[in-house]
Every structure is written in structure tokens, then in C-alpha cells.
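Participant: My structure is below; once you've seen it, I'll send some questions.
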Amino acid sequence: MMNQLKRYLYRFSIKQKMIVAFLTVSLLGVSIIAVSAQFYYTKATTQDFYNIARGSSASLNHQIDRYFKQLIQSTSAVIAGPLPSIGGVFQPNREAGAIQAWLSGDEPLTLPNRLVIEDALRRYITINYSEIESLVLLKENGEFISSNGQVKYRPEEPWLHLPVGKKTVVIPTYVSYPYQIPIVSLVIPVYSTENARIVGRLVVNLSLSEVKEIMGKTSIGKTGNFVIISSSDTIVYHPDASLLGKPLSETPLKRFRLSIPETMQKVDSLDYLTTFTKSDFTEWRILAVVPLQEMATGLNIATKSMLIVLVVLFLFVILFVPISTRLLMEPVVKLKKVMHEVEMGNLDVQVEHHPGKDELQSLNRSFRQMIGRLKELIDDVYRYELREMQFEVRQKDAMIKALQGQINPHFLYNTLDIIRSIAFLEEVPRIEKIAGNLAAFFRYTARLEQLEVTLREEIDHLRKYLEIIDIRFKQNFQSQVYVNEKFMDVRLVKLSLQPIVENAVKYAVEPMNGNAAILISAFDEGDDLILEVADNGPGIPLDKLKDLRRSLAQVGEQQAAGHYAARDSLGLANVHARLVLHYGDRYGVSIESFPARGTIVSIRIPDRKVISDNES
Amino acid sequence: MYHILVAEDEPWIRNSVVEMVNRIGDGTITVSEVTNGEEAWALIQEVWPTVLITDIMMPKLDGLSLIQKIHEHEIPMMYIIISGYDNFQYAQKAIRYGVTEYLLKPVDMEQLKEALNRSEQNMGNLNEISTYMNKFQKSLDDIGEVAPQVINRKISNLVDSVLKLKYINPAVRTNLLRIFEWKLNGMMKEVSPGHSIPTIPPGAEDGAILRYFNQLADVVIMHYAEQSKQNTNHIAKRVCDYIHTHYRKDISLTEMAQYANMSISYFCAWFKKYTGRTLVQYIQEVRIEKAKQLLLETQLKNYEIAEQVGFATQPYFTRVFKSTVGVSPNMFRKQMG
């Protein structure tokens with residue numbers, strides 16, 4: 001697994017890997033910062049929100065409670081009174097004590113009294129709280145007086161059937177009758193001024209204008225708002241007036257979980273922060289709802305700046321990393337080039353090296369030392385081989401000299417000339433001829449400087465050889481050279497024709513006791529010249545012919561591949577090898593044989609009259 | 001008719017080459033033979049050959065040095081080198097001395113014939129020079145036998161005729177005069193080492209040149225005549241005796257010069273003056289005389305006689321016999337016996 005990964009990584013250049021690594025590291029860093037910033041910013045923002053919202057909510061609650069309490073207190077005067085005026089002796093106030101009298105008395109309400117009370121109630125409204133929609137006094141027996149006069153209330157009016165209690169009851173928002181405006185009702189117990197017994201209730205039907213006033217001043221965020229929810233989960237106050245009095249379940253707020261304060265919740269793919277405080281008096285909850293986004297402007301800035309940093313970093317990596325990698329990689333690439341040079345066998349390369357702590361520089365230094373050592377070693381080996389070779393050459397030289405001493409050319413030719421001279425003086429022409437030809441034959445063979453000769457020289461040499469063979473086999477042997485004069489100046493590798501004829505003599509003429517013929521001819525074929533040596537000897541058996549051809553092919557391949565296979569004898573293979581070496585593998589010796597009829601050996605050479613390039 | 005000198009140390013090869021030249025010339029060529037360069041150099045000054053056929057590897061003085069010497073002395077001559085060495089440096093050196101024929105051993109008669117033909121064609125003035133030289137040499141050879149005045153007149157006439165070549169062939173004239181002077185001076189130094197005659201400046205008048213040569217000839221003739229009369233007779237007799245006893249084996253010029261206690265060149269001149277022949281000619285004559293004797297007195301076969309008298313082979317003997325005596329050995333025996 002690890003290895004696979006490594007292998008995969010080796011496919012890419014170090015530069016690519018460095019870019020990826022740099023990018024990964026920087027992006028990872030930025031991302032971690034972004035995520036943690038998001039997290040902590042959110043947390044801090046949320047906490048801030050909770051603090052502010054709770055404060056605001058509590059303050060609102062307090063204001064509303066105080067408002068209600070003041071209102072309740074201020075009503076007690078009305079309820080107790082109206083009090084008799086000071087100057088009542090002279091001008092008796094009819095109103096004084098009218099409400100108490102009505103509530104604690106048993107007499108049925110007279111119309112004048114009702115009018116007086118109604119008037120008192122109305123006056124109270126006008127003087128004190130204009131936002132009061134109506135005041136309704138309820139007597140225990142069900143009689144009631146409304147500031148609105150003789151109104152027929154609905155039987156389901158929430159305050160109508162409340163049990164009598166000492167506690168003031170706050171009825172959350174509902175739609176009033178008959179004016180159809182959202183109101184809140186306070187149901188205040190009315191005590192008798194004589195015996196403090198509860199004698200009835202005062203219902204204060206309040207329009208929401210003052211609550212609105214209180215609430216309206218406070219807002220949170222752009223769209224965030226405060227909502228008052230009653231203990232029975234109806235909307236007491238909401239900036240959207242159409243929602244007033246509705247149960248929570250019928251409003252958009254139904255999707256929020258509102259049982260626990262200080263929560264962050266996701267509604268309609270938006271994060272919302274909610275919190276509330278509960279009033280002990282009204283048991284209402286003042287709820288603050290704000291989308292997180294609006295609260296978290298700081299977070300947004302942080303996110304934005306994070307993004308900017310990210311982009312800058314990205315650009316930086318993209319721009320800077322290639323430059324820096326190039327700077328870093330340059331010596332590596334140089335070293336790589338140098339190593340490649342060395343690999344190709346050039347040990348004379350210059351390895352730059354600057355002293356310092358850079359690892360690559362020390363690598364350069366090591367490499368340079370290594371090359372130095374390598375050169376020394378190679379030189380050593382070379383010198384050693386040279387010595388070895390020189391030793392061998394000297395040995396061979398000595399041997400050749402010894403052999404030459406054995407066959408001193410001057411001695412040889414002199415002796416042959418003496419033989420020839422005696423034969424001349426004694427008039428034995430055959431000996432004269434053999435001695436002369438043998439000397440010429442040796443001389444031609446021994447002259448090593450020439451690599452290429454003309455066909456004429458080669459044929460002259462061949463004729464001398466054939467004359468010897470002629471004499472050797474007396475009358476039996478026959479030979480003919482049919483070569484057109486126009487081919488005589490073609491150049492060919494020296495000693496390529498005569499050895500073939502010698503071969504024919506060995507395998508065709510000798511076995512037949514000289515009773516055979518050899519025919520040498522030449523013809524051109526395209527740009528090539530073909531020399532044919534034909535004999536009428538016993539021919540070559542098929543299997544031997546195959547072997548022979550295979551060995552020729554092998555020799556040809558070896559020559560073409562540059563391995564010079566040293567051969568001892570000047571056989572067909574040797575001639576073939578030298579021709580292939582000199583002219584290329586298209587040329588050389590080929591062989592055709594017909595059992596009991598003879599053999600034809602062909603030499604293919606380029607039909608050229610100029611010295612070929614290989615001549616040195 | 002011209003003269004060829006063969007210088008070769010191998011007797012068989014020398015004989016073969018001489019025989020080849022004889023066959024090629026068929027009586028029109030005179031052949032002399034020597035066994036090394038030193039002998040050749042000495043003989044050249046006596047016989048003035050037109051063509052030199054020489055081997056390269058020879059004792060004492062090798063062929064190329066010999067040619068160099070001839071070249072340096074500006075003696076006009078054609079050269080044919082026969083060598084066992086197929087060596088470029090030799091050939092190059094030879095070409096520098098004007099050698100045009102370089103034959104490889106073994107030498108084929110056809111090749112030699114072609115080479116000689118080519119040389120003959122390129123001879124140019126050589127024949128003319130050769131003729132004058134032969135006349136000059138003949139006059140010198142006569143010293144001691146003919147009256148000094150006669151010899152002096154002959155030489156005077158010869159120089160005069162050479163001087164007349166001024167407008168016809170100035171090159172030949174210059175060449176001949178220089179050789180005459182060199183030859184006479186050489187002879188003078190040998191016979192009278194203390195003597196000297198002031199040389200004439202180049203471009204001197206014909207009369208002055210003629211007088212100068214007359215003076216030289218006078219001194220040489222006078223001293224030569226004195227010396228030859230003195231004490232060389234007994235030496236000549238010893239040399240001839242030696243040849244008469246040792247004719248069977250190869251007798252070289254060097255060997256005989258040593259025997260006579262003379263330098264090779266002096267021996268050459270001396271022997272020729274004394275016997276009227278070169279050493280080889282003399283030996284040949286002795287051999288033929290002995291052969292005649294054997295032919296008449298014994299029943300020995302031709303080849304046996306050839307061997308006994310020192311001829312290399314019977315055909316060679318036969319040919320030499322015929323050319324000297326005029327008939328073949330068999331015919332001689334028939335006629336005389």
C-alpha cells in the first residue's frame with residue numbers, strides 16, 4: 001500500500017509534488033483558521049446575542065409589568081370612589097361613593113346611577129389612559145357597567161366568566177367586541193372600601209398602543225424582533241399586527257422550538273438565534289428572534305477576510321512555488337544533466353560546487369569527487385589494459401619477428417631467384433616458372449599495406465597461382481579466366497578471388513587428381529559486380545552445403561555487428577568476413593553446388609573503380 | 001653496341017642475369033660483371049658502361065650507394081635495379097637518382113628485356129658520350145705500349161673534337177670534358193701524388209682548355225710509363241698464375257685486387273693495361289682455353305668440362321664457348337679431334 005503510493009508519487013516531478021504540497025499545507029492552514037474562526041465567532045456572537053436579547057427582553061418585561069401595575073393602581077381610586085368632593089356640603093357630589101355603593105349594596109342599579117358610574121369610568125379613561133379601550137365593572141351577581149355604555153357583550157367574552165379571585169388576571173391579546181381591535185384585558189378584583197371584601201371586578205380592556213410603544217422602541221438586528229407570547233401560547237404582541245391574538249400554531253413561529261431559552265436553530269435553511277424571558281406577573285414570554293447572519297456581521301467580515309487571505313495565499317503559492325521550486329530544483333536539474341552526461345560516458349563534465357550548508361551542494365561535491373575517483377579508476381584500468389595489451393603486442397611482435405627470422409623474406413626471395421637462375425641456366429623452364437611465380441605469389445600475399453587492389457592485379461596474382469597448379473597437375477588440369485577488360489579496373493578487397501580458387505583446387509581439383517577444370521568469370525548486375533568461380537568437381541553434399549551457408553551467414557552477422565572474428569585460414573568464411581566488413585552485409589560470398597556436377601562460388605562486390613571510403 | 005655492367009653478389013643470379021643480357025643482346029651488347037658496388041665503381045671508370053644492372057643488397061658498397069656515387073660524379077648512365085625488396089623507401093630513393101627501372105627478384109627475362117628496351121629508348125646522348133669515353137679509355141689503355149707522342153696526339157685530337165661539340169651538343173661537351181678532367185686528375189694523383197696543375201676557370205677559351213688537357217695528359221703518360229716499367233711485371237705474372245690455377249672457382253675483382261695488393265680501381269686499370277682485358281674477360285679466356293684442351297685431350301662430357309673449368313652450367317658454357325671460339329664445343333671437338 002505504502003509502496004504503491006510511493007510508486008504513484010514517483011510518476012510526478014518534484015516540482016509538481018512541491019506545488020501540491022505547498023498548496024495543501026497553505027489551504028489546510030487557512031481552512032483550519034476559517035473553521036475555528038467560524039466556530040469561535042459564532043459562539044461569541046451567540047453569547048453576545050443572548051446577553052443583549054435577554055437584557056432587552058427582561059427590560060421589556062419589566063416595563064410592561066410596571067405599566068400594568070401602574071394602571072391597576074391608578075384604577076383603585078376610581079373603584080374606591082369617586083371620593084366625595086370637599087365642598088360636598090354645599091353642592092353634594094352625586095358620584096361620590098356611587099361605585100362602592102353599587103357594588104356593595106343590594107339595590108338594583110338605577111339608570112341615573114349607571115350613567116354616573118359610566119361617566120366616572122369614561123372620565124377616568126380620558127384623564128388617565130387614553131389607550132384604554134373600555135372599562136367594565138362587574139358585580140358579583142353578573143351586573144356590569146361598561147364605559148362604552150349599554151353594550152351587549154358576547155357571552156364568550158374571556159373576562160365574563162372568570163372566577164372571582166384576589167389575583168389580578170391578565171388576559172392576553174384577543175379581538176375585542178364590538179370594535180374588532182386587538183386588546184389585552186386586565187381583570188382586577190374590586191374590594192369593598194368598608195369591609196375589604198371582594199365585591200366585583202374591574203376589567204380594563206387595553207388597546208396595544210402602549211405595549212407597541214414599549215416594544216416598538218426595541219429592535220434587534222435588521223429583521224430580528226421581539227414577540228410576546230402568552231402562557232397559553234398565543235401571540236400577545238407581534239410587529240405584524242395581523243398575527244395578534246392568534247395561537248402560535250397558526251403563525252410562522254410555529255416552526256420554532258420556544259420552550260427553552262437561548263437556542264440556535266435552523267429554520268428554512270437559516271440559522272436563527274432565539275431567547276426569551278418570562279414575566280412573573282403576566283407569565284408572558286418576551287421572545288427575541290434573529291437570524292444568526294444578521295447578528296454575526298463580525299463573523300462575515302472574518303469569513304471574508306479569510307477568503308481574501310485564502311485567495312492571496314493561493315495566488316502566492318501558484319506564483320511563488322514554481323519560482324521557488326525552480327530555484328530549489330535548479331541545482332538538482334543541473335546535477336541530473338551532469339549525471340546523465342556521465343551515464344553517457346562523458347567523464348570530463350564540470351560539476352559546479354559552491355561551499356555552504358546546502359545539501360545539494362554537498363551532493364555536487366560528493367559527485368564531483370566520485371567522478372574524479374571514477375576517472376582515476378578508469379584511467380588505472382585503461383593503463384593496466386594498455387600495459388597488458390602492449391605486453392601482448394610485444395609478445396606477438398617477438399613471435400612474428402621470430403617467424404620472420406625463420407622465413408626471412410630476403411632469404412626466401414633470394415633463394416627462389418637462385419632456383420630460378422639455375423633453372424634458367426640449366427634450361428628447365430618449369431622450375432623457372434614455378435620459382436618465379438611462387439616468389440611473386442608470396443610477395444603479393446605478404447604485402448599488407450594495400451587493402452584494395454584492382455581486379456587486374458588480383459587476376460594477375462590468380463594467374464600466377466594457376467600456372468603453379470597447372471604445372472603441378474601436368475596436362476590434366478584446365479583453367480580459364482574469362483573476365484572482360486572493362487571490369488579490370490574495378491577495385492576489390494585484396495586476396496578475395498585467389499583464395500576462392502584455392503578452395504576450389506582443394507575441394508574439386510585435388511580429389512579428382514587434377515582431372516578437373518576451373519572457370520573464372522565476371523559479369524555486372526546493376527551496380528554490383530559478380531565474380532564467379534565454377535568447377536566441375538564432385539560438388540558439396542547438401543548437409544555440408546547448409547552448414548557452410550550457415551557459417552557464412554554467421555560470419556556476416558558478426559562482421560556487420562563489428563566483431564571481427566579472426567580466422568586462421570583464407571577460406572570462404574574469411575573472404576566473406578572481409579568483404580562484409582569492407583562493403584556491408586549486402587556483399588560477400590555465396591555458394592551453389594550441384595552434387596557430382598560441380599560448385600559455383602560467387603563474390604558480390606560494388607562495381608566501383610575508385611578507392612572506397614574504407615581504404616585508409 | 002653498348003656496354004652493360006651487372007653488379008650482383010649472388011653468383012647464380014649474376015650468371016643468370018649476364019646470360020639473359022647476352023641472349024637479349026645477341027652479340028650487340030658487351031657485358032661486364034662484378035660482385036659488389038666497390039668493384040662496380042672501379043670497373044665503371046675503366047669500361048664506362050652505358051647501363052648498370054645492380055642488386056641493392058651487396059657487400060662493401062650497396063647498389064643504391066653505388067648509384068648515388070655515380071650520380072654525384074655526374075657520370076651519365078642508365079640504371080636497372082633488381083632487388084628482392086619490394087620496399088617503397090628504396091624505390092623512392094632510387095627514383096631520386098634517376099632510376100626508372102626497378103625489377104623485383106626473381107627477374108624474368110621478358111621483364112629484363114622490356115626494361116632494357118625502355119632504357120635503350122631513353123639513352124639519348126649516352127651513346128655518343130659512350131663512344132667518346134671508349135676512345136678516351138682506349139688511348140689511356142695504350143699508355144706504355146704506344147709512343148707517348150702518339151697517345152698525346154690522340155688525346156689532343158679527342159679533346160679537340162669534343163670542344164667542337166660546343167654548338168652541336170654543349171651538354172655532352174661539358175659532361176665529357178668534366179669526366180676527362182676527373183679521370184686524368186685521378187690517374188695523376190695515383191702515379192704522382194705531389195704533382196698538381198692549376199685548374200682552368202669555367203668558361204675558358206677552347207685553346208686554354210686544350211692546353212690544360214695536354215699538360216694533364218703529359219704528366220700522366222710520363223709517370224705511367226715510368227711506373228709500369230718498374231716493378232709490376234712480377235705482380236702481373238703472379239696474378240696470371242693465380243688465375244691459371246684457380247680458374248675453376250669464382251674469382252672476383254676484389255679477391256684479385258687484394259692478391260695484387262692494390263685498390264680495386266687501380267687493379268682494374270692496371271690489369272687491363274697489363275693484359276689488355278678486364279679480369280672477367282681474362283678469366284673467361286683462360287677457362288675457354290682449358291676447355292679446348294679438355295675437349296681435345298679427354299673424353300669428358302660437355303657438362304663435365306663446363307663444371308671442371310668453372311662454368312656454372314653447361315648451356316652457359318656452350319654459349320660462351322661458341323661466342324668466343326666461333327663454334328660449339330661439340331663442333332670444335334669434331335673439327336679438331
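Each chain in the C-alpha cells gets a letter, A, B, ..., in the order shown, and its residues are numbered from 1; ligands are numbered from 1 in order too.
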Wanna dump the chain A-chain B contacts at 9 Å for me, each residue with its shortest atom pair and the distance in Å to one decimal, counting only C-alpha atoms, ordered by chain and number, as a tab-separated table?
Facilitator:
residue	atom	partner	partner_atom	distance
A:Pro409	CA	B:Gly84	CA	8.1
A:His410	CA	B:Gly84	CA	5.8
A:Phe411	CA	B:Gly84	CA	8.7
A:Leu412	CA	B:Gly84	CA	8.9
A:Tyr413	CA	B:Gly84	CA	5.8
A:Asn414	CA	B:Gly84	CA	6.4
A:Leu416	CA	B:Pro106	CA	6.8
A:Asp417	CA	B:Pro106	CA	4.4
A:Ile418	CA	B:Ile13	CA	5.7
A:Ile419	CA	B:Trp12	CA	8.5
A:Arg420	CA	B:Pro106	CA	6.9
A:Ser421	CA	B:Ser16	CA	5.1
A:Ile422	CA	B:Trp12	CA	6.3
A:Phe424	CA	B:Ser16	CA	6.7
A:Leu425	CA	B:Thr313	CA	6.0
A:Glu426	CA	B:Thr313	CA	6.0
A:Glu427	CA	B:Pro315	CA	7.5
A:Glu432	CA	B:Asp108	CA	8.8
A:Lys433	CA	B:Asp108	CA	9.0
A:Ala435	CA	B:Pro106	CA	7.8
A:Gly436	CA	B:Pro106	CA	5.6
A:Asn437	CA	B:Pro106	CA	8.8
A:Ala439	CA	B:Pro106	CA	7.0
A:Ala440	CA	B:Pro106	CA	8.1
A:Arg443	CA	B:Asp86	CA	7.9
A:Arg447	CA	B:Asp86	CA	8.5
Participant: Write out as a PyMOL selection string each polymer residue whose atoms come within 6 Å of Asp607 of chain A, counting only C-alpha atoms; drop sequence neighbours fewer than 4 positions from it.
Facilitator: chain A and resi 527-529
Participant: How would you write, as an MDAnalysis selection string, the set of residues in segment 16-103 of chain A that DSSP gives as alpha helix (DSSP H)?
Facilitator: chainID A and resid 16:80 98:103
Participant: Just the strand (DSSP E) stuff from segment 288-425 of chain A, please, per backbone DSSP, written as an MDAnalysis selection string.
Facilitator: chainID A and resid 288:291
Participant: Go ahead and dump the residues you just picked, C-alpha atoms, as a PDB file, in the first residue's frame.
Facilitator:
ATOM      1  CA  ALA A 288     -36.262  37.592  20.692  1.00  0.00           C
ATOM      2  CA  VAL A 289     -35.797  36.002  17.280  1.00  0.00           C
ATOM      3  CA  VAL A 290     -32.946  36.993  14.998  1.00  0.00           C
ATOM      4  CA  PRO A 291     -31.291  35.298  12.045  1.00  0.00           C
TER       5      PRO A 291
END
Participant: Using only C-alpha atoms, which residues sit within 12 Å of Arg326 of chain A once same-chain residues fewer than 3 positions away are excluded, as a PyMOL selection string?
Facilitator: chain A and resi 13-16+18-19+319-323+329-334
Participant: Pick out the residues sitting within 12 Å of Pro202 of chain B, and hand them over as a PyMOL selection string; count only C-alpha atoms, and ignore anything fewer than 3 positions along from it in its own chain.
Facilitator: chain B and resi 174+177-178+199+205-206+208-209
Participant: Next, write the just-selected residues to a file, as a PDB file, in the first residue's frame, keeping N, CA and C atoms as the atom set.
Facilitator:
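And here is the file that came out, out31.pdb:
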ATOM      1  N   THR B 174      80.285  19.493 -72.149  1.00  0.00           N
ATOM      2  CA  THR B 174      80.588  19.797 -70.752  1.00  0.00           C
ATOM      3  C   THR B 174      80.824  18.510 -69.969  1.00  0.00           C
ATOM      4  N   LEU B 177      84.122  16.738 -70.984  1.00  0.00           N
ATOM      5  CA  LEU B 177      85.307  17.453 -70.507  1.00  0.00           C
ATOM      6  C   LEU B 177      85.512  17.227 -69.019  1.00  0.00           C
ATOM      7  N   ARG B 178      84.364  17.245 -68.273  1.00  0.00           N
ATOM      8  CA  ARG B 178      84.480  17.073 -66.832  1.00  0.00           C
ATOM      9  C   ARG B 178      84.977  15.667 -66.485  1.00  0.00           C
ATOM     10  N   THR B 199      93.959  24.425 -62.114  1.00  0.00           N
ATOM     11  CA  THR B 199      92.748  24.192 -62.910  1.00  0.00           C
ATOM     12  C   THR B 199      92.382  25.440 -63.668  1.00  0.00           C
ATOM     13  N   GLU B 205      88.605  29.782 -72.714  1.00  0.00           N
ATOM     14  CA  GLU B 205      88.640  29.599 -74.171  1.00  0.00           C
ATOM     15  C   GLU B 205      89.074  28.196 -74.541  1.00  0.00           C
ATOM     16  N   ASP B 206      88.652  27.752 -75.738  1.00  0.00           N
ATOM     17  CA  ASP B 206      88.957  26.394 -76.174  1.00  0.00           C
ATOM     18  C   ASP B 206      90.455  26.102 -76.171  1.00  0.00           C
ATOM     19  N   ALA B 208      92.786  27.393 -74.311  1.00  0.00           N
ATOM     20  CA  ALA B 208      93.256  27.231 -72.930  1.00  0.00           C
ATOM     21  C   ALA B 208      92.891  25.849 -72.414  1.00  0.00           C
ATOM     22  N   ILE B 209      91.645  25.416 -72.743  1.00  0.00           N
ATOM     23  CA  ILE B 209      91.186  24.108 -72.284  1.00  0.00           C
ATOM     24  C   ILE B 209      92.074  23.018 -72.882  1.00  0.00           C
TER      25      ILE B 209
END
Participant: Which distance in Å separates atom CA of Arg153 of chain B and atom CA of Tyr167 of chain B, to one decimal?
Facilitator: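 Between these atoms lies a distance of 23.6 Å.
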Participant: Record the distance separating atom CA of Val31 of chain B and atom CA of Cys240 of chain B, expressed in Å with one decimal.
Facilitator: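 It comes out at 21.7 Å.
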Participant: I'd like the contact shell of Ile179 of chain B - 12 Å cut-off, only C-alpha atoms, skipping same-chain residues fewer than 5 positions apart - returned as a list of chain:residue names.
Facilitator: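 Residues near the query, excluding close chain neighbours: B:Ile44, B:Gln45, B:Trp48, B:Ile70, B:His73, B:Glu74, B:Ile75, B:Pro76, B:Ile129, B:Ser130, B:Tyr132, B:Met133, B:Phe136, B:Gln137, B:Val159, B:Val162, B:Val172, B:Arg173, B:Thr174, B:Leu184, B:Asn185, B:Gly186, B:Phe213.
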Participant: For Pro158 of chain A, find every residue with an atom within 9 Å (counting only C-alpha atoms), except residues of its own chain fewer than 6 positions away, and show them as a ChimeraX atom specification.
Facilitator: /A:171,174,185
Participant: Those residues you just picked out, can you put them in a file as a CSV table (one decimal), in the first residue's frame with all heavy atoms?
Facilitator:
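Result file follows (result.csv):
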chain,number,residue,atom,x,y,z
A,171,ILE,N,-55.5,39.0,30.7
A,171,ILE,CA,-55.9,38.1,29.6
A,171,ILE,C,-55.2,38.6,28.3
A,171,ILE,O,-55.2,39.8,27.9
A,171,ILE,CB,-57.5,38.3,29.4
A,171,ILE,CG1,-58.2,37.8,30.6
A,171,ILE,CG2,-57.9,37.6,28.1
A,171,ILE,CD1,-59.6,38.2,30.6
A,174,TYR,N,-56.6,39.5,22.4
A,174,TYR,CA,-57.7,38.9,21.6
A,174,TYR,C,-58.4,40.0,20.9
A,174,TYR,O,-58.1,41.2,21.2
A,174,TYR,CB,-58.7,38.1,22.5
A,174,TYR,CG,-59.4,38.9,23.6
A,174,TYR,CD1,-60.7,39.4,23.4
A,174,TYR,CD2,-58.7,39.3,24.8
A,174,TYR,CE1,-61.3,40.2,24.3
A,174,TYR,CE2,-59.3,40.1,25.7
A,174,TYR,CZ,-60.7,40.5,25.5
A,174,TYR,OH,-61.3,41.3,26.4
A,185,SER,N,-56.8,42.4,28.2
A,185,SER,CA,-57.7,42.7,29.3
A,185,SER,C,-57.0,42.4,30.6
A,185,SER,O,-56.4,41.4,30.8
A,185,SER,CB,-59.0,41.9,29.2
A,185,SER,OG,-59.6,42.3,28.0
Participant: Considering only C-alpha atoms, return as a ChimeraX atom specification whatever protein or nucleic-acid residues lie within 10 Å of Tyr2 of chain B, sequence-local ones (same chain, fewer than 3 positions apart) excluded.
Facilitator: /B:25,28-31,48-51,120,126-127,130-131
Participant: For the atom pair atom CA of Asp141 of chain B and atom CA of Glu128 of chain B, what is the interatomic distance in Å to one decimal place?
Facilitator: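 The value is 19.8 Å.
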